[in-house]
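Data block below; observations after.
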Amino acid sequence: MTTRGVLYVHSAPRALCPHVEWAVAGVLGARVNLDWIRQPASPGTWRAEFSWQGDPGTASKLASALRGWHLLRFEVTAEPCATAEGERYSSTPDLGIFHAVTGMHGDILIPEDRLRAAVARAGRGESELEAEISKLLGKPWDDELEPFRYAGEGAPVRWLHQVV
């Protein structure tokens, strides 16, 4: 069973671009050449989008391979398949990495134990429930990445295979 997804490198310093390609190639087991274009939301950085196909868990491996570079902003998505839910990973230098499980319509699925923990923290007065839910949904990452997403509209996406 395979799934497919997209890697969005929202911003990377030029010197990091070949390292991103090597890391992605290491996960996918094939040579990767991304089409890098300037990122207008952060002058001096570059962006790329890239469609992939692989086994369930590939999104996690891609996110793990890229998460160590502090100056990198990226997202990795995987579509749900017959044997696995979908996934979304978002990473920014300031916030670190966010992971969410997604359903077949793209909705974020929050596990019961994480929701119970958020309600408990809010109940103890450690935080506001709205802020806890916001974090569970990835809103801080969405807020930080939105200018980079918008700047990439119309950017080319390289497809690794033809889907019929």
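Scheme for the structure tokens: letters A, B, ... for chains in order shown; per-chain residue numbers from 1; ligand numbers from 1 in order shown.
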
(request) Find the residues around A:Arg73 up to 9 Å (only C-alpha atoms counted), leave out those fewer than 2 positions away in its own chain, and share them as a ChimeraX atom specification. (result) /A:8-12,69-71,75,90-93,145,148

Kindly export the residues of the current selection with all heavy atoms, as a short mmCIF file (atom, residue, chain, number, x, y, z; two decimals), in the first residue's frame.
```cif
data_model
loop_
_atom_site.label_atom_id
_atom_site.label_comp_id
_atom_site.auth_asym_id
_atom_site.auth_seq_id
_atom_site.Cartn_x
_atom_site.Cartn_y
_atom_site.Cartn_z
N TYR A 8 6.52 20.90 1.13
CA TYR A 8 6.59 22.34 0.86
C TYR A 8 7.78 22.88 1.66
O TYR A 8 7.73 22.90 2.89
CB TYR A 8 5.34 23.07 1.34
CG TYR A 8 4.05 22.56 0.74
CD1 TYR A 8 3.31 21.58 1.39
CD2 TYR A 8 3.57 23.08 -0.46
CE1 TYR A 8 2.12 21.12 0.86
CE2 TYR A 8 2.38 22.62 -1.00
CZ TYR A 8 1.66 21.64 -0.33
OH TYR A 8 0.48 21.18 -0.86
N VAL A 9 8.84 23.26 0.98
CA VAL A 9 9.93 23.96 1.66
C VAL A 9 9.60 25.44 1.48
O VAL A 9 9.70 25.98 0.38
CB VAL A 9 11.31 23.62 1.05
CG1 VAL A 9 12.40 24.40 1.77
CG2 VAL A 9 11.57 22.12 1.12
N HIS A 10 9.15 26.07 2.56
CA HIS A 10 8.69 27.46 2.47
C HIS A 10 9.85 28.45 2.43
O HIS A 10 9.75 29.47 1.77
CB HIS A 10 7.76 27.79 3.63
CG HIS A 10 6.46 27.08 3.54
ND1 HIS A 10 5.57 27.25 2.51
CD2 HIS A 10 5.89 26.16 4.37
CE1 HIS A 10 4.52 26.49 2.71
NE2 HIS A 10 4.68 25.82 3.83
N SER A 11 10.91 28.16 3.17
CA SER A 11 12.08 29.04 3.09
C SER A 11 13.31 28.29 3.57
O SER A 11 13.27 27.58 4.57
CB SER A 11 11.88 30.32 3.91
OG SER A 11 11.89 30.05 5.29
N ALA A 12 14.38 28.46 2.81
CA ALA A 12 15.66 27.85 3.13
C ALA A 12 16.76 28.77 2.62
O ALA A 12 16.66 29.29 1.50
CB ALA A 12 15.80 26.48 2.46
N TRP A 69 17.42 21.35 10.95
CA TRP A 69 17.98 22.60 10.42
C TRP A 69 17.15 23.78 10.90
O TRP A 69 16.01 23.97 10.48
CB TRP A 69 18.06 22.56 8.91
CG TRP A 69 19.07 21.56 8.44
CD1 TRP A 69 20.34 21.42 8.90
CD2 TRP A 69 18.88 20.56 7.46
NE1 TRP A 69 20.96 20.39 8.24
CE2 TRP A 69 20.09 19.85 7.35
CE3 TRP A 69 17.82 20.20 6.65
CZ2 TRP A 69 20.26 18.80 6.47
CZ3 TRP A 69 17.98 19.15 5.77
CH2 TRP A 69 19.19 18.46 5.69
N HIS A 70 17.74 24.57 11.74
CA HIS A 70 17.04 25.66 12.41
C HIS A 70 16.50 26.72 11.45
O HIS A 70 15.47 27.30 11.73
CB HIS A 70 17.96 26.31 13.46
CG HIS A 70 17.31 27.44 14.17
ND1 HIS A 70 16.27 27.25 15.05
CD2 HIS A 70 17.53 28.77 14.12
CE1 HIS A 70 15.88 28.43 15.51
NE2 HIS A 70 16.63 29.36 14.97
N LEU A 71 17.16 26.98 10.35
CA LEU A 71 16.75 28.06 9.45
C LEU A 71 15.72 27.65 8.40
O LEU A 71 15.37 28.42 7.53
CB LEU A 71 17.99 28.65 8.76
CG LEU A 71 19.02 29.26 9.71
CD1 LEU A 71 20.25 29.70 8.93
CD2 LEU A 71 18.42 30.43 10.47
N GLU A 75 6.66 22.19 5.39
CA GLU A 75 5.51 21.37 5.71
C GLU A 75 5.58 20.10 4.87
O GLU A 75 6.05 20.14 3.74
CB GLU A 75 4.20 22.10 5.38
CG GLU A 75 3.93 23.28 6.29
CD GLU A 75 2.63 23.96 5.97
OE1 GLU A 75 2.62 24.80 5.05
OE2 GLU A 75 1.63 23.64 6.64
N SER A 90 4.41 20.48 10.23
CA SER A 90 4.78 21.87 9.96
C SER A 90 5.97 22.19 10.85
O SER A 90 5.99 21.79 12.01
CB SER A 90 3.64 22.83 10.29
OG SER A 90 2.48 22.51 9.56
N SER A 91 6.92 22.95 10.32
CA SER A 91 8.09 23.30 11.12
C SER A 91 8.53 24.73 10.83
O SER A 91 8.56 25.15 9.67
CB SER A 91 9.24 22.34 10.80
OG SER A 91 10.36 22.61 11.60
N THR A 92 8.84 25.44 11.90
CA THR A 92 9.38 26.80 11.78
C THR A 92 10.56 26.92 12.74
O THR A 92 10.63 26.19 13.74
CB THR A 92 8.33 27.88 12.14
OG1 THR A 92 8.12 27.88 13.55
CG2 THR A 92 7.03 27.66 11.40
N PRO A 93 11.46 27.85 12.47
CA PRO A 93 12.60 28.02 13.38
C PRO A 93 12.18 28.38 14.81
O PRO A 93 12.78 27.90 15.76
CB PRO A 93 13.40 29.16 12.74
CG PRO A 93 13.05 29.10 11.30
CD PRO A 93 11.61 28.66 11.26
N LEU A 145 3.38 30.46 9.11
CA LEU A 145 3.68 29.99 7.75
C LEU A 145 2.81 30.63 6.67
O LEU A 145 3.16 30.60 5.49
CB LEU A 145 3.55 28.47 7.67
CG LEU A 145 4.62 27.69 8.41
CD1 LEU A 145 4.29 26.21 8.43
CD2 LEU A 145 6.00 27.94 7.82
N PHE A 148 4.34 32.75 3.99
CA PHE A 148 5.22 31.97 3.12
C PHE A 148 4.40 31.14 2.15
O PHE A 148 4.80 30.94 1.00
CB PHE A 148 6.14 31.08 3.96
CG PHE A 148 7.09 31.87 4.81
CD1 PHE A 148 6.72 32.26 6.08
CD2 PHE A 148 8.32 32.26 4.32
CE1 PHE A 148 7.58 33.02 6.87
CE2 PHE A 148 9.19 33.01 5.08
CZ PHE A 148 8.81 33.39 6.36
#
```

(request) Once DSSP has gone over the backbone, tell me which residues of stretch 2-63 of chain A are in strand (DSSP E or B), as a list in words. (result)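 Selecting the strand (DSSP E or B) positions of stretch 2-63 of chain A gives Thr3, Arg4, Gly5, Val6, Leu7, Tyr8, Val9, His10, Ser11, Ala12, Pro13, Ile37, Arg38, Thr45, Trp46, Arg47, Ala48, Glu49, Phe50, Ser51, Trp52, Gln53 and Gly54 of chain A.
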
(request) Tell me, as number ranges by chain, which residues lie within 9 Å of A:Ala82, counting only C-alpha atoms; anything in the same chain fewer than 3 positions away does not count. (result) A: 1-3, 85

Write out the residues from the selection above, keeping all heavy atoms, as a short mmCIF file (atom, residue, chain, number, x, y, z; two decimals), in the first residue's frame.
```cif
data_model
loop_
_atom_site.label_atom_id
_atom_site.label_comp_id
_atom_site.auth_asym_id
_atom_site.auth_seq_id
_atom_site.Cartn_x
_atom_site.Cartn_y
_atom_site.Cartn_z
N MET A 1 0.84 -1.17 0.00
CA MET A 1 0.00 0.00 0.00
C MET A 1 0.89 1.24 0.00
O MET A 1 1.86 1.30 0.74
CB MET A 1 -0.89 -0.01 1.24
CG MET A 1 -1.91 1.09 1.28
SD MET A 1 -3.12 1.16 -0.07
CE MET A 1 -3.86 -0.45 0.00
N THR A 2 0.55 2.20 -0.83
CA THR A 2 1.32 3.44 -0.87
C THR A 2 0.40 4.62 -0.62
O THR A 2 -0.82 4.52 -0.72
CB THR A 2 2.03 3.63 -2.23
OG1 THR A 2 1.05 3.73 -3.25
CG2 THR A 2 3.00 2.52 -2.51
N THR A 3 1.02 5.71 -0.28
CA THR A 3 0.32 6.97 -0.13
C THR A 3 1.10 8.01 -0.91
O THR A 3 2.18 7.73 -1.43
CB THR A 3 0.18 7.37 1.36
OG1 THR A 3 -0.66 8.51 1.46
CG2 THR A 3 1.53 7.66 1.99
N GLU A 85 -4.05 6.82 8.38
CA GLU A 85 -4.65 8.15 8.30
C GLU A 85 -3.66 9.07 7.59
O GLU A 85 -2.49 8.73 7.42
CB GLU A 85 -4.91 8.70 9.71
CG GLU A 85 -5.89 7.90 10.53
CD GLU A 85 -7.33 8.04 10.08
OE1 GLU A 85 -7.62 8.85 9.18
OE2 GLU A 85 -8.18 7.34 10.65
#
```

(message) Between A:Asp143, A:Asp35, A:Glu21, A:Glu79, which residue has the minimum interatomic distance to A:Asp55, considering only C-alpha atoms?
(response)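 The answer is A:Glu79, which sits nearest to A:Asp55.
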
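With only C-alpha atoms as the atoms that count, the minimum distance from A:Ser51 to the choices A:Leu66, A:Ile37, A:Ala151, A:Ala78 is reached by A:Ala78.
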
(message) Here is a test: counting only C-alpha atoms, which residue of A:Val32, A:Gly96, A:Arg14, A:Leu136 is nearest to A:Arg114?
(response)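 Looking at the shortest contact to A:Arg114, the residue is A:Leu136.
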
(message) Using only C-alpha atoms, can you tell me which of A:Ala59, A:Leu72, A:Gln39, A:Leu129 comes closest to A:Gly86?
(response) A:Ala59

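Going from atom CA of A:Arg88 to atom CA of A:Gly29 covers 21.3 Å.
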
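Residues of stretch 20-117 of chain A that DSSP, applied to the backbone, places in helix (DSSP H, G or I): Val20, Glu21, Trp22, Ala23, Val24, Ala25, Gly26, Val27, Leu28, Thr58, Ala59, Ser60, Lys61, Leu62, Ala63, Ser64, Ala65, Leu66, Glu112, Asp113, Arg114, Leu115, Arg116 and Ala117 of chain A.
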
Okay, now the selection with N, CA and C atoms, as a PDB file, in the first residue's frame?
```
ATOM      1  N   VAL A  20      18.931  19.889   1.720  1.00  0.00           N
ATOM      2  CA  VAL A  20      17.524  19.484   1.732  1.00  0.00           C
ATOM      3  C   VAL A  20      17.307  18.408   0.672  1.00  0.00           C
ATOM      4  N   GLU A  21      17.831  18.626  -0.524  1.00  0.00           N
ATOM      5  CA  GLU A  21      17.684  17.637  -1.597  1.00  0.00           C
ATOM      6  C   GLU A  21      18.308  16.301  -1.200  1.00  0.00           C
ATOM      7  N   TRP A  22      19.482  16.333  -0.595  1.00  0.00           N
ATOM      8  CA  TRP A  22      20.144  15.088  -0.175  1.00  0.00           C
ATOM      9  C   TRP A  22      19.332  14.370   0.897  1.00  0.00           C
ATOM     10  N   ALA A  23      18.788  15.122   1.827  1.00  0.00           N
ATOM     11  CA  ALA A  23      17.988  14.509   2.888  1.00  0.00           C
ATOM     12  C   ALA A  23      16.727  13.850   2.316  1.00  0.00           C
ATOM     13  N   VAL A  24      16.052  14.536   1.404  1.00  0.00           N
ATOM     14  CA  VAL A  24      14.840  13.990   0.788  1.00  0.00           C
ATOM     15  C   VAL A  24      15.199  12.756  -0.042  1.00  0.00           C
ATOM     16  N   ALA A  25      16.282  12.835  -0.786  1.00  0.00           N
ATOM     17  CA  ALA A  25      16.729  11.689  -1.589  1.00  0.00           C
ATOM     18  C   ALA A  25      17.038  10.492  -0.701  1.00  0.00           C
ATOM     19  N   GLY A  26      17.638  10.746   0.448  1.00  0.00           N
ATOM     20  CA  GLY A  26      17.946   9.658   1.378  1.00  0.00           C
ATOM     21  C   GLY A  26      16.693   8.945   1.862  1.00  0.00           C
ATOM     22  N   VAL A  27      15.628   9.683   2.083  1.00  0.00           N
ATOM     23  CA  VAL A  27      14.373   9.086   2.534  1.00  0.00           C
ATOM     24  C   VAL A  27      13.689   8.339   1.396  1.00  0.00           C
ATOM     25  N   LEU A  28      13.652   8.940   0.211  1.00  0.00           N
ATOM     26  CA  LEU A  28      12.920   8.358  -0.913  1.00  0.00           C
ATOM     27  C   LEU A  28      13.717   7.309  -1.676  1.00  0.00           C
ATOM     28  N   THR A  58       6.153   7.729   5.249  1.00  0.00           N
ATOM     29  CA  THR A  58       7.158   8.506   4.517  1.00  0.00           C
ATOM     30  C   THR A  58       7.146   9.965   4.952  1.00  0.00           C
ATOM     31  N   ALA A  59       5.972  10.518   5.212  1.00  0.00           N
ATOM     32  CA  ALA A  59       5.898  11.919   5.661  1.00  0.00           C
ATOM     33  C   ALA A  59       6.671  12.107   6.958  1.00  0.00           C
ATOM     34  N   SER A  60       6.519  11.177   7.862  1.00  0.00           N
ATOM     35  CA  SER A  60       7.238  11.231   9.135  1.00  0.00           C
ATOM     36  C   SER A  60       8.751  11.170   8.923  1.00  0.00           C
ATOM     37  N   LYS A  61       9.182  10.305   8.022  1.00  0.00           N
ATOM     38  CA  LYS A  61      10.617  10.185   7.735  1.00  0.00           C
ATOM     39  C   LYS A  61      11.160  11.465   7.107  1.00  0.00           C
ATOM     40  N   LEU A  62      10.376  12.076   6.200  1.00  0.00           N
ATOM     41  CA  LEU A  62      10.811  13.334   5.584  1.00  0.00           C
ATOM     42  C   LEU A  62      10.917  14.438   6.641  1.00  0.00           C
ATOM     43  N   ALA A  63       9.895  14.549   7.497  1.00  0.00           N
ATOM     44  CA  ALA A  63       9.920  15.576   8.548  1.00  0.00           C
ATOM     45  C   ALA A  63      11.104  15.361   9.491  1.00  0.00           C
ATOM     46  N   SER A  64      11.373  14.121   9.846  1.00  0.00           N
ATOM     47  CA  SER A  64      12.506  13.821  10.727  1.00  0.00           C
ATOM     48  C   SER A  64      13.836  14.177  10.080  1.00  0.00           C
ATOM     49  N   ALA A  65      13.939  13.921   8.778  1.00  0.00           N
ATOM     50  CA  ALA A  65      15.188  14.218   8.070  1.00  0.00           C
ATOM     51  C   ALA A  65      15.453  15.719   7.971  1.00  0.00           C
ATOM     52  N   LEU A  66      14.388  16.527   7.978  1.00  0.00           N
ATOM     53  CA  LEU A  66      14.539  17.979   7.798  1.00  0.00           C
ATOM     54  C   LEU A  66      14.484  18.778   9.095  1.00  0.00           C
ATOM     55  N   GLU A 112      -7.920  11.544  21.731  1.00  0.00           N
ATOM     56  CA  GLU A 112      -8.645  11.779  22.972  1.00  0.00           C
ATOM     57  C   GLU A 112      -7.728  12.152  24.131  1.00  0.00           C
ATOM     58  N   ASP A 113      -6.585  11.478  24.258  1.00  0.00           N
ATOM     59  CA  ASP A 113      -5.703  11.766  25.390  1.00  0.00           C
ATOM     60  C   ASP A 113      -5.110  13.180  25.311  1.00  0.00           C
ATOM     61  N   ARG A 114      -4.835  13.656  24.110  1.00  0.00           N
ATOM     62  CA  ARG A 114      -4.312  15.023  23.969  1.00  0.00           C
ATOM     63  C   ARG A 114      -5.382  16.056  24.297  1.00  0.00           C
ATOM     64  N   LEU A 115      -6.616  15.780  23.895  1.00  0.00           N
ATOM     65  CA  LEU A 115      -7.718  16.690  24.204  1.00  0.00           C
ATOM     66  C   LEU A 115      -7.991  16.702  25.710  1.00  0.00           C
ATOM     67  N   ARG A 116      -7.986  15.533  26.339  1.00  0.00           N
ATOM     68  CA  ARG A 116      -8.184  15.462  27.795  1.00  0.00           C
ATOM     69  C   ARG A 116      -7.082  16.219  28.544  1.00  0.00           C
ATOM     70  N   ALA A 117      -5.842  16.096  28.091  1.00  0.00           N
ATOM     71  CA  ALA A 117      -4.728  16.798  28.734  1.00  0.00           C
ATOM     72  C   ALA A 117      -4.883  18.306  28.589  1.00  0.00           C
TER      73      ALA A 117
END
```

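Residues with any atom within 10 Å of A:Ala100, counting only C-alpha atoms and excluding same-chain neighbours fewer than 5 positions away, are A:Thr77, A:Gly86, A:Glu87, A:Arg88, A:Tyr89, A:Ser90, A:Asp107, A:Ile108, A:Leu109, A:Ile110, A:Pro111, A:Leu136, A:Leu137, A:Gly138.
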
Dump as a compact mmCIF listing (two decimals), in the first residue's frame, selection limited to all heavy atoms:
```txt
# COMPACT_ATOMS: atom_id res chain seq x y z
N THR A 77 2.94 16.86 3.90
CA THR A 77 1.61 16.28 4.03
C THR A 77 1.60 14.89 3.43
O THR A 77 2.40 14.60 2.52
CB THR A 77 0.54 17.13 3.33
OG1 THR A 77 0.82 17.15 1.92
CG2 THR A 77 0.50 18.55 3.88
N GLY A 86 -4.12 10.25 7.21
CA GLY A 86 -3.23 11.24 6.63
C GLY A 86 -2.42 11.90 7.73
O GLY A 86 -2.68 11.73 8.93
N GLU A 87 -1.41 12.67 7.31
CA GLU A 87 -0.55 13.35 8.27
C GLU A 87 -0.20 14.73 7.75
O GLU A 87 -0.18 14.97 6.55
CB GLU A 87 0.77 12.60 8.47
CG GLU A 87 0.64 11.26 9.11
CD GLU A 87 1.99 10.62 9.30
OE1 GLU A 87 2.53 10.07 8.31
OE2 GLU A 87 2.52 10.70 10.43
N ARG A 88 0.12 15.59 8.69
CA ARG A 88 0.64 16.92 8.35
C ARG A 88 1.71 17.27 9.37
O ARG A 88 1.51 17.14 10.57
CB ARG A 88 -0.48 17.95 8.43
CG ARG A 88 0.01 19.36 8.22
CD ARG A 88 -1.14 20.36 8.33
NE ARG A 88 -0.60 21.61 8.83
CZ ARG A 88 -1.26 22.44 9.59
NH1 ARG A 88 -2.49 22.20 9.96
NH2 ARG A 88 -0.70 23.55 10.00
N TYR A 89 2.86 17.68 8.86
CA TYR A 89 3.96 18.17 9.69
C TYR A 89 4.24 19.60 9.27
O TYR A 89 4.31 19.88 8.07
CB TYR A 89 5.22 17.33 9.48
CG TYR A 89 5.10 15.92 10.00
CD1 TYR A 89 4.57 14.92 9.20
CD2 TYR A 89 5.50 15.60 11.29
CE1 TYR A 89 4.43 13.62 9.67
CE2 TYR A 89 5.36 14.30 11.77
CZ TYR A 89 4.83 13.33 10.96
OH TYR A 89 4.70 12.05 11.43
N SER A 90 4.41 20.48 10.23
CA SER A 90 4.78 21.87 9.96
C SER A 90 5.97 22.19 10.85
O SER A 90 5.99 21.79 12.01
CB SER A 90 3.64 22.83 10.29
OG SER A 90 2.48 22.51 9.56
N ASP A 107 -9.41 17.18 7.62
CA ASP A 107 -9.62 17.68 8.98
C ASP A 107 -8.57 17.11 9.93
O ASP A 107 -8.18 15.95 9.81
CB ASP A 107 -11.00 17.28 9.51
CG ASP A 107 -12.13 17.90 8.71
OD1 ASP A 107 -11.98 19.06 8.28
OD2 ASP A 107 -13.16 17.22 8.53
N ILE A 108 -8.14 17.92 10.88
CA ILE A 108 -7.21 17.45 11.90
C ILE A 108 -7.98 16.61 12.91
O ILE A 108 -9.03 17.02 13.40
CB ILE A 108 -6.49 18.63 12.59
CG1 ILE A 108 -5.54 19.29 11.59
CG2 ILE A 108 -5.75 18.17 13.83
CD1 ILE A 108 -4.82 20.50 12.12
N LEU A 109 -7.46 15.42 13.18
CA LEU A 109 -8.05 14.51 14.15
C LEU A 109 -7.23 14.58 15.43
O LEU A 109 -6.05 14.24 15.43
CB LEU A 109 -8.07 13.08 13.60
CG LEU A 109 -8.71 12.89 12.22
CD1 LEU A 109 -8.57 11.45 11.77
CD2 LEU A 109 -10.16 13.33 12.25
N ILE A 110 -7.85 15.03 16.51
CA ILE A 110 -7.13 15.19 17.77
C ILE A 110 -7.38 13.96 18.64
O ILE A 110 -8.54 13.68 18.98
CB ILE A 110 -7.57 16.47 18.51
CG1 ILE A 110 -7.33 17.69 17.62
CG2 ILE A 110 -6.84 16.61 19.84
CD1 ILE A 110 -7.90 18.98 18.15
N PRO A 111 -6.33 13.24 19.01
CA PRO A 111 -6.51 12.07 19.86
C PRO A 111 -7.12 12.45 21.22
O PRO A 111 -6.85 13.52 21.76
CB PRO A 111 -5.08 11.53 20.05
CG PRO A 111 -4.32 12.09 18.89
CD PRO A 111 -4.95 13.42 18.60
N LEU A 136 -3.40 22.53 19.58
CA LEU A 136 -3.71 21.19 19.07
C LEU A 136 -4.03 21.22 17.58
O LEU A 136 -3.79 20.24 16.86
CB LEU A 136 -4.88 20.59 19.84
CG LEU A 136 -4.61 20.19 21.29
CD1 LEU A 136 -5.91 19.79 21.97
CD2 LEU A 136 -3.58 19.07 21.35
N LEU A 137 -4.59 22.33 17.11
CA LEU A 137 -4.94 22.47 15.70
C LEU A 137 -3.80 23.05 14.85
O LEU A 137 -3.92 23.17 13.64
CB LEU A 137 -6.19 23.36 15.55
CG LEU A 137 -7.47 22.76 16.12
CD1 LEU A 137 -8.59 23.78 16.08
CD2 LEU A 137 -7.86 21.49 15.36
N GLY A 138 -2.69 23.43 15.49
CA GLY A 138 -1.54 23.95 14.75
C GLY A 138 -1.65 25.41 14.36
O GLY A 138 -0.93 25.88 13.48
```

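One finds atom CA of A:Arg4 at 14.7 Å from atom CA of A:Val101.
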
(request) Counting only C-alpha atoms, figure out which residue out of A:Ala30, A:Arg38, A:Val119, A:Gly44 gets nearest to A:Pro13. (result)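 The closest residue to A:Pro13 is A:Gly44.
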
(message) Could you tell me how far atom CA of A:Trp141 sits from atom CA of A:Phe98, in Å to one decimal place?
(response)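 The value is 7.4 Å.
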
(message) So, with only C-alpha atoms as the atoms that count, which of A:Trp46, A:Pro80, A:Val6, A:Lys135 lies closest to A:Leu95?
(response)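 Closest to A:Leu95 of all the choices is A:Lys135.
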